[in-house]
Each structure stands twice: as structure tokens, then as C-alpha cells.
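Here is the structure we will look at, set down as C-alpha cells.
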Amino acid sequence: MIEIKNVTKSFGTFRALDGVDMNVRKGTVYGLVGPNGAGKTTLLQCLTGVYRTDSGSITVDGQPVYENSDVKERMVYIPDELYYFSQANTRDMMKYYRGIYRNFDMDRFERLKEAFPAVDVKRPIRKLSKGMRKQVSFWLSICCRPEVVILDEPVDGLDPVMRHQIWSFLLSDVSINGTTVVVSSHNLRELEDVCSYVGIMNNGKILSAQPMEAIEENLGSMSLEEYFIQMVGGENYEVKDILV
């Protein structure tokens, strides 16, 4: 479904992406993991059409993403730094999303109120806590009925109960609707529980991409954490970065 071929992206003299190749099948959860500065966020921003690639191609079902509104309407992107209009509350942003996404499910929005009881829909989002803002973002995104969900460090700021609930919603859509999810995270244990494929990224490259089952089968006496550290060569990659 998602094909990334030999993609490069530089900012001045710094090459953030260096010949990235990645394939994501429809109805799977693909996890990207790597140290800070590996290029994960830049790759996701190219995948969602925020950045134009310097070279290479990114397609969804054979269609290019950049400046393609038809493809972008099938995707939602939840970045690490959330965007919302400064004075908007949850209902204001819901109306905005409805204007962009033709498949926005208003019935689902109303039903999911019970899943996010702590969110005051009339309060400006900027006045909510980080965790509450993340909940609003997931609530609205799920209601868009997207075919592709792109997540950058998605559950930072959420308590364990809400993390579990969010992943339950997403995995249900994967199972029932064939939704495709690409997620960047430092939390290996969380990826282990939810991802069907994992790509290990460092220095702007995908070093390895394998089904999670294959990784676990080949570990031998090595722990999952030790495997990932070995793959990135241990450079600037402390254990605390992957056990959060």
C-alpha cells in the first residue's frame, strides 16, 4: 500500500534521509524505531506530504502523496507536536475536520464521548493538559475513518489506561476495516505488543525491516533491547531511550 523508494531529504548540508526504502502492506501496523536524530520524524513528514523529498518517490496505492489532496484525505497524521487553532475547542476542531474529511463519522464522534470523559469539549484546547490534547487528537482522527494513520511518538503524555484504550481503537480499525498504521516510537515494549512489522532506523537509513515474529524468533539468548542496540551500532543510543 505504501511504497517509499530511495528517498533523500536534506536541510542545508545535513542529510536527514539517505536513500530510504520502505514498504508497508495494507492492514498492518508498521513500527519505526531508532535513536533521536535517526530521521523518523522527517520520514513521516515526507510520507504525509509536509515535506517534498529531494529525490526518490513516496506513493500510496501507486499515487504520489505530495500535493495530492485525494491521497491526503485518506490519511491522518498525529505529530509529536500537535496543531490546533489557538482559540478552538474540541467541537470547533471537529467542525474543521468535517470540512476536510468527507468520511468524518459524526455518529462515532458522539459515541466516543464516553471514551474520553475527561475532555471538556467547550474548553479551548490550548488550555488542556498535554495528555488531554493528545486524547482530542486521537478522538478526532479516529472519527475521520482514515485508511492510513501516521503516528509520531503517539502516546507520550497518556496514562497506561488511556494508552491501552487508544491502541484498542486503532487495532480494532486495523482488524475490521483494514486500516494501515505507521508509528514512530522509542517504546520498544509497546511496539512489540502492537506492531506486525518493525523498521530499525539510524543515520537517515532503514537498517532492517522484519516482521516482529521473525525478530523474536531470531533473538536467541539476546533480549529485544540488546538486538536493537546492536542493529544501530550502539551509537548515541542509550538503554533509557528504548525502555521508556
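Going by the C-alpha cells order, chains are called A, B, ..., each with residues numbered from 1, while ligands are numbered from 1 in the order shown.
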Please produce, as a tab-separated table, a per-residue contact table for segment 147-190 of chain A versus segment 18-24 of chain A (criterion: any atom at most 10 Å away, only C-alpha atoms considered), showing the nearest atom pair and its distance in Å to one decimal, sorted by chain then residue number.
residue	atom	partner	partner_atom	distance
A:Thr180	CA	A:Val24	CA	8.0
A:Val181	CA	A:Val24	CA	8.7
A:Val182	CA	A:Val24	CA	8.1
Create the file for the chosen residues now, containing C-alpha atoms and written as a PDB file, in the first residue's frame.
ATOM      1  CA  THR A 180      -2.855   0.779   7.874  1.00  0.00           C
ATOM      2  CA  VAL A 181      -0.808   2.293  10.706  1.00  0.00           C
ATOM      3  CA  VAL A 182       2.750   3.630  10.653  1.00  0.00           C
TER       4      VAL A 182
END
Show which residues sit within 10 Å of Glu81 of chain A, as a list in words. Count only C-alpha atoms, and ignore same-chain residues fewer than 6 positions away.
->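 Selected residues are Lys130, Lys134, Asp152, Glu153 and Pro154 of chain A.
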Backbone DSSP call of alpha helix (DSSP H) for segment 8-80 of chain A, listed as a PyMOL selection string = chain A and resi 40-47+69-72
Hey, can you spit out that residue selection with N, CA and C atoms as a compact mmCIF listing (two decimals), in the first residue's frame?
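This went into part-v2.txt:
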# COMPACT_ATOMS: atom_id res chain seq x y z
N LYS A 40 13.36 9.64 11.77
CA LYS A 40 12.00 9.10 11.82
C LYS A 40 10.95 10.18 11.54
N THR A 41 11.04 11.30 12.25
CA THR A 41 10.04 12.35 12.07
C THR A 41 10.10 12.94 10.67
N THR A 42 11.29 13.14 10.13
CA THR A 42 11.42 13.65 8.76
C THR A 42 10.78 12.70 7.77
N LEU A 43 10.98 11.40 7.97
CA LEU A 43 10.38 10.41 7.07
C LEU A 43 8.86 10.48 7.13
N LEU A 44 8.31 10.58 8.34
CA LEU A 44 6.85 10.66 8.48
C LEU A 44 6.31 11.94 7.85
N GLN A 45 7.06 13.03 7.96
CA GLN A 45 6.60 14.28 7.37
C GLN A 45 6.68 14.25 5.85
N CYS A 46 7.62 13.51 5.30
CA CYS A 46 7.64 13.30 3.85
C CYS A 46 6.49 12.38 3.43
N LEU A 47 6.23 11.36 4.25
CA LEU A 47 5.16 10.42 3.95
C LEU A 47 3.80 11.10 3.94
N SER A 69 -4.33 16.00 -2.84
CA SER A 69 -5.38 16.12 -1.82
C SER A 69 -6.21 14.85 -1.71
N ASP A 70 -6.39 14.12 -2.82
CA ASP A 70 -7.18 12.89 -2.77
C ASP A 70 -6.51 11.83 -1.89
N VAL A 71 -5.19 11.72 -1.98
CA VAL A 71 -4.46 10.77 -1.15
C VAL A 71 -4.44 11.24 0.31
N LYS A 72 -4.20 12.53 0.50
CA LYS A 72 -4.11 13.06 1.87
C LYS A 72 -5.43 12.93 2.62
Go through segment 107-157 of chain A and collect every residue that DSSP, computed from the backbone, puts in strand (DSSP E or B); the answer should be as a list of chain:residue names.
->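 Written out, the strand (DSSP E or B) residues of segment 107-157 of chain A are A:Pro124, A:Val148, A:Val149, A:Ile150, A:Leu151, A:Asp152.
Closest to Val65 of chain A among A:Leu128, A:Ile4, A:Leu82, A:Leu151 is A:Ile4, based on only C-alpha atoms.
Counting only C-alpha atoms and comparing A:Ile229, A:Ala209, A:Ile78, A:Met162, the residue that lies closest to Leu188 of chain A is A:Ile229.
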Which is closer to Asp193 of chain A than all the others in A:Glu216, A:Arg145, A:Lys26, A:Pro124, using only C-alpha atoms?
->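 Going through A:Glu216, A:Arg145, A:Lys26, A:Pro124 one by one, the smallest distance to Asp193 of chain A is for A:Glu216.
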Could you name the residues that touch Tyr197 of chain A at 9 Å or less, counting only C-alpha atoms, but leaving out those on the same chain fewer than 5 positions away, as a list in words?
->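 These residues fall inside the cut-off: Val24, Thr28, Val29, Tyr30, Gly31, Leu32, Ala209, Gln210, Pro211, Met212 and Glu213 of chain A.
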Figure out the distance between atom CA of Gly199 of chain A and atom CA of Ala16 of chain A, please, to one decimal in Å.
-> 16.4 Å
Return the single residue from A:Leu140, A:Val174, A:Met106, A:Met201 that is closest to Met93 of chain A, with distances computed using only C-alpha atoms.
-> A:Leu140
Residue among A:Ile166, A:Leu191, A:Val232, A:Val149 lying closest to Lys205 of chain A, counting only C-alpha atoms |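 Among A:Ile166, A:Leu191, A:Val232, A:Val149, it is A:Val232 that comes nearest to Lys205 of chain A.
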Tell me, as a ChimeraX atom specification, which residues lie within 8 Å of Tyr101 of chain A, counting only C-alpha atoms; anything in the same chain fewer than 4 positions away does not count.
-> /A:73,97,144
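Considering the residues A:Arg98, A:Arg111, A:Lys127, A:Arg52 and counting only C-alpha atoms, Ser10 of chain A has its shortest atom-to-atom contact with A:Arg52.
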Set the distance at 9 Å and use only C-alpha atoms: which residues neighbour segment 114-117 of chain A once local chain neighbours fewer than 5 positions away are removed? I'd like the list as a CSV table (one decimal) with N, CA and C atoms, in the first residue's frame.
chain,number,residue,atom,x,y,z
A,132,MET,N,-4.6,15.5,27.7
A,132,MET,CA,-5.9,15.8,27.2
A,132,MET,C,-5.9,16.2,25.7
A,135,GLN,N,-5.5,13.2,23.6
A,135,GLN,CA,-6.8,12.5,23.5
A,135,GLN,C,-7.7,13.1,22.5
A,136,VAL,N,-7.8,14.5,22.5
A,136,VAL,CA,-8.6,15.1,21.5
A,136,VAL,C,-8.1,14.8,20.1
A,139,TRP,N,-9.2,11.3,19.2
A,139,TRP,CA,-10.7,11.2,19.1
A,139,TRP,C,-11.1,11.7,17.7
A,162,MET,N,-5.3,5.0,29.3
A,162,MET,CA,-5.7,5.6,28.1
A,162,MET,C,-4.8,5.1,26.9
A,165,GLN,N,-6.4,2.0,25.8
A,165,GLN,CA,-7.7,2.3,25.1
A,165,GLN,C,-7.5,2.8,23.7
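Atom pair atom CA of Glu147 of chain A / atom CA of Thr59 of chain A has a distance of 13.8 Å (rounded to one decimal).
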Residues at most 6 Å from Arg123 of chain A, counting only C-alpha atoms, excluding those fewer than 2 positions away in the same chain, as an MDAnalysis selection string?
-> chainID A and resid 89 120:121
